[in-house]
$ cat coords_30.txt   # compact mmCIF, C-alpha atoms and all ligand atoms
# COMPACT_ATOMS: atom_id res chain seq x y z
CA MET A 1 0.00 0.00 0.00
CA ASP A 2 1.18 3.50 -0.89
CA LYS A 3 2.50 4.99 2.39
CA GLU A 4 1.32 8.41 1.45
CA LEU A 5 -2.29 7.24 1.58
CA THR A 6 -3.75 6.90 5.05
CA TYR A 7 -7.15 6.67 6.66
CA GLY A 8 -7.83 8.56 9.89
CA SER A 9 -6.78 6.92 13.16
CA ASP A 10 -10.45 6.21 14.02
CA TYR A 11 -11.18 4.48 10.70
CA LYS A 12 -13.15 1.27 11.19
CA TYR A 13 -15.92 -0.97 9.90
CA ILE A 14 -19.34 0.31 10.95
CA PRO A 15 -21.90 -2.41 11.65
CA ALA A 16 -24.97 -0.66 10.21
CA THR A 17 -26.92 -2.00 7.31
CA SER A 18 -30.14 -1.82 5.28
CA VAL A 19 -32.34 -4.19 3.28
CA GLY A 20 -30.80 -2.65 0.15
CA SER A 21 -27.20 -3.51 1.00
CA GLY A 22 -25.44 -5.24 -1.91
CA ILE A 23 -28.26 -4.46 -4.32
CA GLY A 24 -27.74 -2.55 -7.56
CA ILE A 25 -30.45 -0.57 -9.35
CA GLN A 26 -30.28 0.52 -12.97
CA VAL A 27 -31.76 4.00 -12.76
CA LEU A 28 -31.02 5.02 -16.36
CA PRO A 29 -29.47 3.01 -19.22
CA ASP A 30 -26.03 4.30 -18.22
CA VAL A 31 -26.52 5.14 -14.54
CA PHE A 32 -26.40 2.46 -11.85
CA SER A 33 -26.85 2.96 -8.16
CA HIS A 34 -25.39 0.36 -5.82
CA THR A 35 -25.99 0.25 -2.08
CA ILE A 36 -23.11 -0.49 0.29
CA GLN A 37 -24.69 -1.13 3.71
CA ILE A 38 -26.30 2.30 4.24
CA VAL A 39 -24.78 4.44 1.50
CA ASN A 40 -25.03 4.52 -2.28
CA ILE A 41 -22.27 4.56 -4.84
CA CYS A 42 -23.01 5.23 -8.47
CA PHE A 43 -21.58 4.02 -11.77
CA ILE A 44 -22.00 6.22 -14.84
CA GLY A 45 -21.33 4.71 -18.26
CA HIS A 46 -22.94 2.37 -20.81
CA PRO A 47 -22.03 -1.24 -19.98
CA GLU A 48 -21.41 -2.08 -23.66
CA LYS A 49 -18.86 0.74 -23.97
CA GLU A 50 -16.89 -0.50 -20.96
CA GLU A 51 -16.03 3.09 -20.08
CA PHE A 52 -17.36 4.34 -16.81
CA VAL A 53 -16.83 6.58 -13.82
CA LEU A 54 -17.44 5.80 -10.17
CA VAL A 55 -19.11 8.36 -7.92
CA ASP A 56 -18.20 7.98 -4.24
CA ALA A 57 -16.37 5.14 -2.54
CA GLY A 58 -18.69 3.49 -0.02
CA MET A 59 -18.21 2.38 3.56
CA PRO A 60 -15.00 1.27 5.29
CA GLU A 61 -13.91 -2.22 4.18
CA SER A 62 -16.22 -2.31 1.17
CA ALA A 63 -13.58 -2.26 -1.60
CA GLU A 64 -14.18 -5.87 -2.66
CA MET A 65 -17.90 -5.28 -2.87
CA ILE A 66 -17.35 -2.17 -5.02
CA ILE A 67 -14.86 -3.88 -7.32
CA SER A 68 -17.16 -6.85 -7.87
CA ALA A 69 -20.13 -4.53 -8.51
CA ALA A 70 -18.04 -2.72 -11.14
CA GLU A 71 -17.07 -6.03 -12.77
CA GLU A 72 -20.67 -7.21 -12.68
CA HIS A 73 -21.79 -4.18 -14.70
CA TYR A 74 -18.77 -3.65 -16.93
CA GLY A 75 -17.07 -7.03 -17.20
CA PRO A 76 -14.12 -8.83 -15.57
CA GLY A 77 -11.18 -6.56 -14.84
CA ALA A 78 -13.22 -3.43 -15.59
CA LYS A 79 -11.97 -0.26 -13.97
CA PRO A 80 -13.36 3.27 -13.95
CA SER A 81 -11.53 6.08 -15.71
CA CYS A 82 -11.72 8.12 -12.49
CA ILE A 83 -13.47 8.37 -9.14
CA LEU A 84 -15.58 11.45 -8.37
CA LEU A 85 -16.37 12.37 -4.78
CA THR A 86 -19.50 14.29 -3.78
CA HIS A 87 -17.77 15.00 -0.45
CA GLY A 88 -15.30 13.44 1.94
CA HIS A 89 -17.38 11.94 4.76
CA PHE A 90 -16.27 8.47 5.87
CA ASP A 91 -19.26 6.75 4.29
CA HIS A 92 -18.39 8.23 0.88
CA VAL A 93 -14.63 7.58 0.99
CA GLY A 94 -14.66 4.35 3.03
CA ALA A 95 -12.89 2.20 0.43
CA ILE A 96 -11.09 4.94 -1.50
CA ILE A 97 -7.52 3.95 -0.63
CA GLU A 98 -7.98 0.28 -1.58
CA LEU A 99 -9.71 1.42 -4.79
CA ILE A 100 -6.87 3.81 -5.68
CA ASN A 101 -4.34 1.04 -5.05
CA HIS A 102 -6.33 -1.50 -7.05
CA TRP A 103 -7.35 0.65 -10.00
CA LYS A 104 -4.66 3.35 -9.99
CA VAL A 105 -7.08 6.02 -11.20
CA PRO A 106 -7.34 9.72 -10.31
CA VAL A 107 -9.84 11.01 -7.76
CA TYR A 108 -11.62 14.34 -8.08
CA ALA A 109 -13.35 16.48 -5.45
CA HIS A 110 -14.26 20.14 -5.07
CA GLN A 111 -11.33 22.44 -4.32
CA THR A 112 -12.86 23.34 -0.92
CA GLU A 113 -13.18 19.67 0.06
CA ILE A 114 -9.54 18.81 -0.64
CA PRO A 115 -8.14 19.96 2.76
CA TYR A 116 -10.44 17.35 4.38
CA LEU A 117 -9.04 14.68 2.08
CA THR A 118 -5.41 15.57 2.58
CA ASN A 119 -5.22 15.59 6.38
CA LYS A 120 -5.30 19.38 6.69
CA MET A 121 -8.78 19.92 8.12
CA SER A 122 -11.28 17.87 10.15
CA TYR A 123 -15.04 17.94 9.77
CA PRO A 124 -16.93 18.98 12.91
CA GLU A 125 -17.66 16.11 15.30
CA PRO A 126 -21.06 14.54 14.55
CA ASP A 127 -23.90 15.66 16.80
CA PRO A 128 -25.50 12.79 18.74
CA THR A 129 -27.90 15.21 20.48
CA VAL A 130 -29.64 16.21 17.27
CA GLU A 131 -33.36 15.53 16.83
CA GLY A 132 -33.63 12.25 14.94
CA GLY A 133 -33.00 8.66 15.92
CA MET A 134 -30.59 5.86 16.66
CA ILE A 135 -28.19 6.52 13.77
CA ALA A 136 -27.74 10.06 15.05
CA LYS A 137 -27.11 8.66 18.54
CA MET A 138 -24.45 6.27 17.26
CA SER A 139 -22.82 8.92 15.06
CA PRO A 140 -19.93 9.58 17.51
CA LEU A 141 -18.72 6.09 16.54
CA PHE A 142 -18.31 7.18 12.95
CA PRO A 143 -14.78 7.81 11.72
CA ASN A 144 -14.18 11.56 11.66
CA GLU A 145 -10.41 11.97 11.52
CA PRO A 146 -9.28 13.19 8.10
CA ILE A 147 -7.89 10.80 5.56
CA ASN A 148 -4.88 11.64 3.47
CA LEU A 149 -5.05 10.99 -0.24
CA GLY A 150 -2.00 13.17 -0.93
CA ASP A 151 -1.75 14.18 -4.56
CA HIS A 152 -4.04 11.33 -5.62
CA VAL A 153 -6.97 13.71 -5.17
CA GLN A 154 -7.31 16.63 -7.55
CA ALA A 155 -9.66 19.58 -7.76
CA LEU A 156 -12.59 19.35 -10.18
CA PRO A 157 -12.08 21.71 -13.15
CA ALA A 158 -13.14 25.24 -12.21
CA ASP A 159 -15.35 25.59 -15.30
CA GLY A 160 -17.89 23.02 -14.03
CA LYS A 161 -16.83 20.27 -16.43
CA VAL A 162 -16.59 16.72 -15.13
CA PRO A 163 -13.52 14.68 -16.09
CA ASN A 164 -14.40 11.76 -18.41
CA LEU A 165 -18.10 12.73 -18.47
CA PRO A 166 -18.54 15.39 -21.18
CA GLU A 167 -22.34 15.54 -20.83
CA TRP A 168 -22.25 16.19 -17.10
CA ARG A 169 -21.42 19.20 -14.98
CA TRP A 170 -20.75 19.54 -11.29
CA ILE A 171 -22.70 21.94 -9.11
CA HIS A 172 -21.40 23.30 -5.83
CA THR A 173 -23.98 22.35 -3.19
CA PRO A 174 -22.41 23.29 0.17
CA GLY A 175 -24.02 23.09 3.60
CA HIS A 176 -23.61 19.43 4.49
CA THR A 177 -19.90 20.00 3.89
CA PRO A 178 -18.17 23.13 2.52
CA GLY A 179 -17.06 21.49 -0.73
CA HIS A 180 -20.03 19.25 -1.35
CA VAL A 181 -20.91 18.83 -5.05
CA SER A 182 -23.74 17.28 -7.03
CA PHE A 183 -23.51 16.03 -10.62
CA PHE A 184 -26.08 16.94 -13.26
CA ARG A 185 -26.69 16.06 -16.91
CA ASP A 186 -28.75 18.66 -18.78
CA THR A 187 -29.84 16.35 -21.63
CA ASP A 188 -32.02 14.09 -19.47
CA LYS A 189 -31.87 16.03 -16.18
CA ALA A 190 -30.25 13.19 -14.28
CA LEU A 191 -28.96 14.22 -10.86
CA ILE A 192 -26.51 12.64 -8.48
CA ALA A 193 -27.11 14.60 -5.31
CA GLY A 194 -24.73 13.05 -2.77
CA ASP A 195 -25.95 14.14 0.66
CA ALA A 196 -27.32 17.56 -0.44
CA PHE A 197 -30.68 15.90 0.13
CA VAL A 198 -31.49 12.24 0.68
CA THR A 199 -34.56 10.02 0.24
CA VAL A 200 -34.52 8.32 3.62
CA LYS A 201 -34.60 9.64 7.16
CA GLN A 202 -30.91 8.90 7.66
CA GLU A 203 -31.03 9.60 11.41
CA SER A 204 -33.46 6.74 12.03
CA LEU A 205 -32.03 3.22 12.34
CA TYR A 206 -35.41 1.68 11.49
CA LYS A 207 -35.97 3.80 8.40
CA VAL A 208 -32.42 3.24 7.21
CA LEU A 209 -32.86 -0.50 7.71
CA THR A 210 -36.15 -0.62 5.78
CA GLN A 211 -35.16 2.16 3.31
CA GLU A 212 -38.68 3.58 3.57
CA GLN A 213 -38.72 6.42 1.02
CA GLU A 214 -39.13 9.90 2.43
CA ILE A 215 -37.57 13.11 1.17
CA SER A 216 -35.14 14.54 3.73
CA GLY A 217 -32.50 17.20 3.97
CA PRO A 218 -28.86 16.20 4.45
CA PRO A 219 -28.10 13.78 7.32
CA ARG A 220 -28.67 15.93 10.41
CA TYR A 221 -25.89 14.70 12.70
CA LEU A 222 -23.23 15.82 10.21
CA THR A 223 -24.65 19.02 8.73
CA PRO A 224 -23.21 22.20 10.25
CA ASP A 225 -24.40 24.93 7.83
CA TRP A 226 -28.17 24.83 7.38
CA ASP A 227 -28.43 28.17 5.50
CA SER A 228 -26.16 26.90 2.73
CA ALA A 229 -27.82 23.48 2.81
CA TRP A 230 -31.22 25.10 2.14
CA GLN A 231 -29.80 27.24 -0.66
CA SER A 232 -28.26 24.13 -2.22
CA VAL A 233 -31.60 22.31 -2.22
CA LYS A 234 -33.19 25.36 -3.90
CA THR A 235 -30.45 25.28 -6.54
CA LEU A 236 -31.04 21.58 -7.23
CA GLU A 237 -34.82 22.00 -7.28
CA SER A 238 -34.51 24.80 -9.85
CA LEU A 239 -32.82 22.32 -12.23
CA LYS A 240 -36.07 20.26 -12.23
CA PRO A 241 -34.24 16.91 -12.16
CA SER A 242 -36.06 13.91 -13.67
CA ALA A 243 -34.17 11.31 -11.64
CA ALA A 244 -32.11 11.63 -8.49
CA ILE A 245 -29.66 9.24 -6.93
CA THR A 246 -28.92 10.42 -3.42
CA GLY A 247 -26.18 9.33 -1.03
CA HIS A 248 -28.70 7.52 1.13
CA GLY A 249 -32.08 6.00 0.30
CA LEU A 250 -33.64 4.70 -2.91
CA PRO A 251 -33.44 6.59 -6.21
CA MET A 252 -36.41 8.90 -6.81
CA THR A 253 -37.78 9.81 -10.24
CA GLY A 254 -40.49 11.61 -12.18
CA GLU A 255 -43.39 13.33 -10.54
CA GLU A 256 -42.64 11.84 -7.15
CA LEU A 257 -39.24 13.52 -7.26
CA SER A 258 -40.47 16.90 -8.50
CA LYS A 259 -43.30 17.01 -5.96
CA ASN A 260 -41.08 16.02 -3.04
CA LEU A 261 -38.15 18.22 -4.01
CA GLU A 262 -40.43 21.22 -4.42
CA MET A 263 -41.83 20.57 -0.96
CA LEU A 264 -38.35 20.20 0.52
CA ALA A 265 -37.12 23.43 -1.09
CA ARG A 266 -40.17 25.28 0.24
CA ASP A 267 -40.47 23.75 3.72
CA PHE A 268 -36.81 23.01 4.37
CA ASP A 269 -36.99 24.66 7.79
CA LYS A 270 -39.76 22.26 8.84
CA ILE A 271 -38.64 19.08 7.05
CA ALA A 272 -34.87 19.24 7.12
CA ILE A 273 -33.58 21.51 9.86
CA PRO A 274 -33.83 19.66 13.17
CA ASP A 275 -35.76 21.24 16.05
CA TYR A 276 -32.72 20.89 18.28
CA GLY A 277 -29.05 20.02 17.99
CA LYS A 278 -25.73 21.78 18.32
CA PHE A 279 -25.68 23.00 14.71
CA THR A 280 -29.26 24.32 14.73
CA ASP A 281 -29.81 26.21 17.95
CA LYS A 282 -29.17 29.50 16.21
CA TYR A 283 -31.99 28.79 13.74
CA LYS A 284 -34.78 27.66 16.02
CA ASN A 285 -34.12 28.84 19.57
CA HIS A 286 -34.14 32.55 19.19
ZN ZN B 1 -22.18 13.12 4.29
ZN ZN B 2 -23.53 10.20 3.60
$ encode --input "coords_30.txt" --output "structure tokens"
Amino acid sequence: MDKELTYGSDYKYIPATSVGSGIGIQVLPDVFSHTIQIVNICFIGHPEKEEFVLVDAGMPESAEMIISAAEEHYGPGAKPSCILLTHGHFDHVGAIIELINHWKVPVYAHQTEIPYLTNKMSYPEPDPTVEGGMIAKMSPLFPNEPINLGDHVQALPADGKVPNLPEWRWIHTPGHTPGHVSFFRDTDKALIAGDAFVTVKQESLYKVLTQEQEISGPPRYLTPDWDSAWQSVKTLESLKPSAAITGHGLPMTGEELSKNLEMLARDFDKIAIPDYGKFTDKYKNH
């Protein structure tokens, strides 16, 4: 293993799962969502062209699962041309080092997210006191120390273009993290939203387990900037996406998506922002 690449000292397997774990869903002819325990990764690329990109890198110790999912869709020995990160939380970079070592491909993230991926900055500690459920309560167990990808991670091009995906552009959607991005394709309005919003109540162990669909803001225990998070949901809603793959929960499409996203953008203070919690007191207790 490349010595330059290190996970944080608190990196570990997290024993949380859902009924969707291990299951892949073809959302569009060239867009596949695949659930790793409680988080989704996404493959973009037509299987017959054997060229594809991976978005996000799953949970700790999930590299084998991700590699076999890639080979299932794109054939034995298939490897992506690059890995795109929506943000650097542990459940989106859990297998990144093994994947870099196995595939030897570049990784891209927003410029503002790179300090968190190169051991220069730490995300705020998760908030177990936030309104929500059991996942929020267990969030202090989650790895939070920064990983170091050294110069294996590069900034996304400043002009909004996405490496290896000419039809797509990235959109800065901060709030959940400062350098959070979503990926959007104008031709069919496909959206990969990361944790800018999700389709499951990610704080609730029961709802995560059952994957009951319900539009939600970003996971509450790890979202420090609710003003930006709301603005980001408004930005995504204004694109009128036709299909959304979110970091957590099942893909949402069509009218169900437009109706729910409109509601979330309008009533974000009621639906998304928790009534209490260390990141929200300034919004609700004044
Ligand atoms: Zn996150
Ligand atoms: Zn997440």
$ residues_around --input "coords_30.txt" --residues "region 85-98 of chain A" --least-positions-apart "3" --cutoff "7 Å" --atoms "all atoms listed in the file" --output "ChimeraX atom specification"
/A:5,39,55-63,101-102,108-109,113,116-117,143-144,177,179-182,194
$ write_last_selection --input "coords_30.txt" --atoms "C-alpha atoms" --output "PDB file, keeping the file's coordinate frame"
ATOM      1  CA  LEU A   5      -2.290   7.240   1.580  1.00  0.00           C
ATOM      2  CA  VAL A  39     -24.780   4.440   1.500  1.00  0.00           C
ATOM      3  CA  VAL A  55     -19.110   8.360  -7.920  1.00  0.00           C
ATOM      4  CA  ASP A  56     -18.200   7.980  -4.240  1.00  0.00           C
ATOM      5  CA  ALA A  57     -16.370   5.140  -2.540  1.00  0.00           C
ATOM      6  CA  GLY A  58     -18.690   3.490  -0.020  1.00  0.00           C
ATOM      7  CA  MET A  59     -18.210   2.380   3.560  1.00  0.00           C
ATOM      8  CA  PRO A  60     -15.000   1.270   5.290  1.00  0.00           C
ATOM      9  CA  GLU A  61     -13.910  -2.220   4.180  1.00  0.00           C
ATOM     10  CA  SER A  62     -16.220  -2.310   1.170  1.00  0.00           C
ATOM     11  CA  ALA A  63     -13.580  -2.260  -1.600  1.00  0.00           C
ATOM     12  CA  ASN A 101      -4.340   1.040  -5.050  1.00  0.00           C
ATOM     13  CA  HIS A 102      -6.330  -1.500  -7.050  1.00  0.00           C
ATOM     14  CA  TYR A 108     -11.620  14.340  -8.080  1.00  0.00           C
ATOM     15  CA  ALA A 109     -13.350  16.480  -5.450  1.00  0.00           C
ATOM     16  CA  GLU A 113     -13.180  19.670   0.060  1.00  0.00           C
ATOM     17  CA  TYR A 116     -10.440  17.350   4.380  1.00  0.00           C
ATOM     18  CA  LEU A 117      -9.040  14.680   2.080  1.00  0.00           C
ATOM     19  CA  PRO A 143     -14.780   7.810  11.720  1.00  0.00           C
ATOM     20  CA  ASN A 144     -14.180  11.560  11.660  1.00  0.00           C
ATOM     21  CA  THR A 177     -19.900  20.000   3.890  1.00  0.00           C
ATOM     22  CA  GLY A 179     -17.060  21.490  -0.730  1.00  0.00           C
ATOM     23  CA  HIS A 180     -20.030  19.250  -1.350  1.00  0.00           C
ATOM     24  CA  VAL A 181     -20.910  18.830  -5.050  1.00  0.00           C
ATOM     25  CA  SER A 182     -23.740  17.280  -7.030  1.00  0.00           C
ATOM     26  CA  GLY A 194     -24.730  13.050  -2.770  1.00  0.00           C
TER      27      GLY A 194
END
$ residues_near_point --input "coords_30.txt" --point "(-14.1, 14.3, -15.4)" --cutoff "9 Å" --atoms "only C-alpha atoms" --output "PDB file with C-alpha atoms, in the frame of the given file"
ATOM      1  CA  VAL A  53     -16.830   6.580 -13.820  1.00  0.00           C
ATOM      2  CA  SER A  81     -11.530   6.080 -15.710  1.00  0.00           C
ATOM      3  CA  CYS A  82     -11.720   8.120 -12.490  1.00  0.00           C
ATOM      4  CA  ILE A  83     -13.470   8.370  -9.140  1.00  0.00           C
ATOM      5  CA  LEU A  84     -15.580  11.450  -8.370  1.00  0.00           C
ATOM      6  CA  TYR A 108     -11.620  14.340  -8.080  1.00  0.00           C
ATOM      7  CA  LEU A 156     -12.590  19.350 -10.180  1.00  0.00           C
ATOM      8  CA  PRO A 157     -12.080  21.710 -13.150  1.00  0.00           C
ATOM      9  CA  LYS A 161     -16.830  20.270 -16.430  1.00  0.00           C
ATOM     10  CA  VAL A 162     -16.590  16.720 -15.130  1.00  0.00           C
ATOM     11  CA  PRO A 163     -13.520  14.680 -16.090  1.00  0.00           C
ATOM     12  CA  ASN A 164     -14.400  11.760 -18.410  1.00  0.00           C
ATOM     13  CA  LEU A 165     -18.100  12.730 -18.470  1.00  0.00           C
ATOM     14  CA  PRO A 166     -18.540  15.390 -21.180  1.00  0.00           C
ATOM     15  CA  TRP A 168     -22.250  16.190 -17.100  1.00  0.00           C
ATOM     16  CA  ARG A 169     -21.420  19.200 -14.980  1.00  0.00           C
TER      17      ARG A 169
END
$ atom_distance --input "coords_30.txt" --atom1 "CA of Asp186 (chain A)" --atom2 "CA of Leu28 (chain A)"
14.0 Å
$ residues_near_point --input "coords_30.txt" --point "(-35.8, 3.0, 7.9)" --cutoff "12 Å" --atoms "all atoms listed in the file" --output "PDB file with C-alpha atoms, keeping the file's coordinate frame"
ATOM      1  CA  ALA A  16     -24.970  -0.660  10.210  1.00  0.00           C
ATOM      2  CA  THR A  17     -26.920  -2.000   7.310  1.00  0.00           C
ATOM      3  CA  SER A  18     -30.140  -1.820   5.280  1.00  0.00           C
ATOM      4  CA  VAL A  19     -32.340  -4.190   3.280  1.00  0.00           C
ATOM      5  CA  GLY A  20     -30.800  -2.650   0.150  1.00  0.00           C
ATOM      6  CA  ILE A  38     -26.300   2.300   4.240  1.00  0.00           C
ATOM      7  CA  GLY A 132     -33.630  12.250  14.940  1.00  0.00           C
ATOM      8  CA  GLY A 133     -33.000   8.660  15.920  1.00  0.00           C
ATOM      9  CA  MET A 134     -30.590   5.860  16.660  1.00  0.00           C
ATOM     10  CA  ILE A 135     -28.190   6.520  13.770  1.00  0.00           C
ATOM     11  CA  THR A 199     -34.560  10.020   0.240  1.00  0.00           C
ATOM     12  CA  VAL A 200     -34.520   8.320   3.620  1.00  0.00           C
ATOM     13  CA  LYS A 201     -34.600   9.640   7.160  1.00  0.00           C
ATOM     14  CA  GLN A 202     -30.910   8.900   7.660  1.00  0.00           C
ATOM     15  CA  GLU A 203     -31.030   9.600  11.410  1.00  0.00           C
ATOM     16  CA  SER A 204     -33.460   6.740  12.030  1.00  0.00           C
ATOM     17  CA  LEU A 205     -32.030   3.220  12.340  1.00  0.00           C
ATOM     18  CA  TYR A 206     -35.410   1.680  11.490  1.00  0.00           C
ATOM     19  CA  LYS A 207     -35.970   3.800   8.400  1.00  0.00           C
ATOM     20  CA  VAL A 208     -32.420   3.240   7.210  1.00  0.00           C
ATOM     21  CA  LEU A 209     -32.860  -0.500   7.710  1.00  0.00           C
ATOM     22  CA  THR A 210     -36.150  -0.620   5.780  1.00  0.00           C
ATOM     23  CA  GLN A 211     -35.160   2.160   3.310  1.00  0.00           C
ATOM     24  CA  GLU A 212     -38.680   3.580   3.570  1.00  0.00           C
ATOM     25  CA  GLN A 213     -38.720   6.420   1.020  1.00  0.00           C
ATOM     26  CA  GLU A 214     -39.130   9.900   2.430  1.00  0.00           C
ATOM     27  CA  HIS A 248     -28.700   7.520   1.130  1.00  0.00           C
ATOM     28  CA  GLY A 249     -32.080   6.000   0.300  1.00  0.00           C
ATOM     29  CA  LEU A 250     -33.640   4.700  -2.910  1.00  0.00           C
TER      30      LEU A 250
END
$ atom_distance --input "coords_30.txt" --atom1 "CA of Gly217 (chain A)" --atom2 "CA of Lys259 (chain A)"
14.7 Å
$ atom_distance --input "coords_30.txt" --atom1 "CA of Glu262 (chain A)" --atom2 "CA of Pro124 (chain A)"
29.3 Å
$ closest_residue --input "coords_30.txt" --among "A:His34, A:Lys49, A:His176, A:His152" --to "ligand ZN 1 (chain B)" --atoms "all atoms listed in the file"
A:His176
$ closest_residue --input "coords_30.txt" --among "A:Val153, A:Ile100, A:Met65, A:Ala190" --to "Asp30 (chain A)" --atoms "only C-alpha atoms"
A:Ala190
$ closest_residue --input "coords_30.txt" --among "A:Ala193, A:Ile273, A:Val130, A:Met121" --to "ligand ZN 2 (chain B)" --atoms "only C-alpha atoms and all ligand atoms"
A:Ala193
$ closest_residue --input "coords_30.txt" --among "A:Thr6, A:Ser68, A:Thr246, A:Gln37" --to "ligand ZN 1 (chain B)" --atoms "all atoms listed in the file"
A:Thr246
$ axis_aligned_box --input "coords_30.txt" --around "region 156-165 of chain A" --padding-each-side "5 Å" --output "lines of an AutoDock Vina configuration file"
center_x = -15.1
center_y = 18.7
center_z = -14.3
size_x = 16.0
size_y = 23.8
size_z = 18.3
$ closest_residue --input "coords_30.txt" --among "A:Arg220, A:His110, A:Ile171, A:Ile44" --to "Pro80 (chain A)" --atoms "all atoms listed in the file"
A:Ile44
$ residues_around --input "coords_30.txt" --residues "region 230-238 of chain A" --least-positions-apart "3" --cutoff "8 Å" --atoms "all atoms listed in the file" --output "ChimeraX atom specification"
/A:172-175,196-197,226-227,241,258,261-262,264-265,268
$ closest_residue --input "coords_30.txt" --among "A:Val198, A:Val105, A:Ile66, A:Leu99" --to "ligand ZN 1 (chain B)" --atoms "only C-alpha atoms and all ligand atoms"
A:Val198
$ decode --input "coords_30.txt" --residues "region 69-75 of chain A" --atoms "all heavy atoms" --output "short mmCIF file (atom, residue, chain, number, x, y, z; two decimals), in the first residue's frame"
data_model
loop_
_atom_site.label_atom_id
_atom_site.label_comp_id
_atom_site.auth_asym_id
_atom_site.auth_seq_id
_atom_site.Cartn_x
_atom_site.Cartn_y
_atom_site.Cartn_z
N ALA A 69 -18.98 -5.19 -7.88
CA ALA A 69 -20.13 -4.53 -8.51
C ALA A 69 -19.72 -3.92 -9.84
O ALA A 69 -20.44 -4.01 -10.84
CB ALA A 69 -20.70 -3.45 -7.58
N ALA A 70 -18.53 -3.31 -9.89
CA ALA A 70 -18.04 -2.72 -11.14
C ALA A 70 -17.86 -3.80 -12.21
O ALA A 70 -18.25 -3.62 -13.37
CB ALA A 70 -16.72 -1.99 -10.89
N GLU A 71 -17.31 -4.94 -11.80
CA GLU A 71 -17.07 -6.03 -12.77
C GLU A 71 -18.37 -6.66 -13.23
O GLU A 71 -18.49 -7.12 -14.37
CB GLU A 71 -16.10 -7.05 -12.16
CG GLU A 71 -14.74 -6.41 -11.90
CD GLU A 71 -13.63 -7.42 -11.60
OE1 GLU A 71 -13.94 -8.62 -11.41
OE2 GLU A 71 -12.45 -7.00 -11.57
N GLU A 72 -19.35 -6.69 -12.33
CA GLU A 72 -20.67 -7.21 -12.68
C GLU A 72 -21.30 -6.38 -13.81
O GLU A 72 -21.89 -6.90 -14.73
CB GLU A 72 -21.55 -7.07 -11.44
CG GLU A 72 -22.55 -8.15 -11.18
CD GLU A 72 -23.16 -7.88 -9.81
OE1 GLU A 72 -22.57 -8.31 -8.78
OE2 GLU A 72 -24.20 -7.19 -9.78
N HIS A 73 -21.17 -5.06 -13.70
CA HIS A 73 -21.79 -4.18 -14.70
C HIS A 73 -20.94 -4.05 -15.96
O HIS A 73 -21.47 -3.95 -17.05
CB HIS A 73 -21.99 -2.76 -14.13
CG HIS A 73 -23.07 -2.67 -13.12
ND1 HIS A 73 -24.37 -3.03 -13.39
CD2 HIS A 73 -23.07 -2.25 -11.83
CE1 HIS A 73 -25.12 -2.83 -12.31
NE2 HIS A 73 -24.35 -2.36 -11.35
N TYR A 74 -19.62 -4.03 -15.81
CA TYR A 74 -18.77 -3.65 -16.93
C TYR A 74 -17.80 -4.74 -17.38
O TYR A 74 -16.99 -4.53 -18.27
CB TYR A 74 -18.00 -2.37 -16.59
CG TYR A 74 -18.93 -1.20 -16.34
CD1 TYR A 74 -19.29 -0.84 -15.05
CD2 TYR A 74 -19.48 -0.49 -17.41
CE1 TYR A 74 -20.18 0.21 -14.82
CE2 TYR A 74 -20.36 0.55 -17.19
CZ TYR A 74 -20.71 0.90 -15.89
OH TYR A 74 -21.59 1.93 -15.67
N GLY A 75 -17.89 -5.90 -16.76
CA GLY A 75 -17.07 -7.03 -17.20
C GLY A 75 -15.84 -7.24 -16.34
O GLY A 75 -15.39 -6.33 -15.63
#
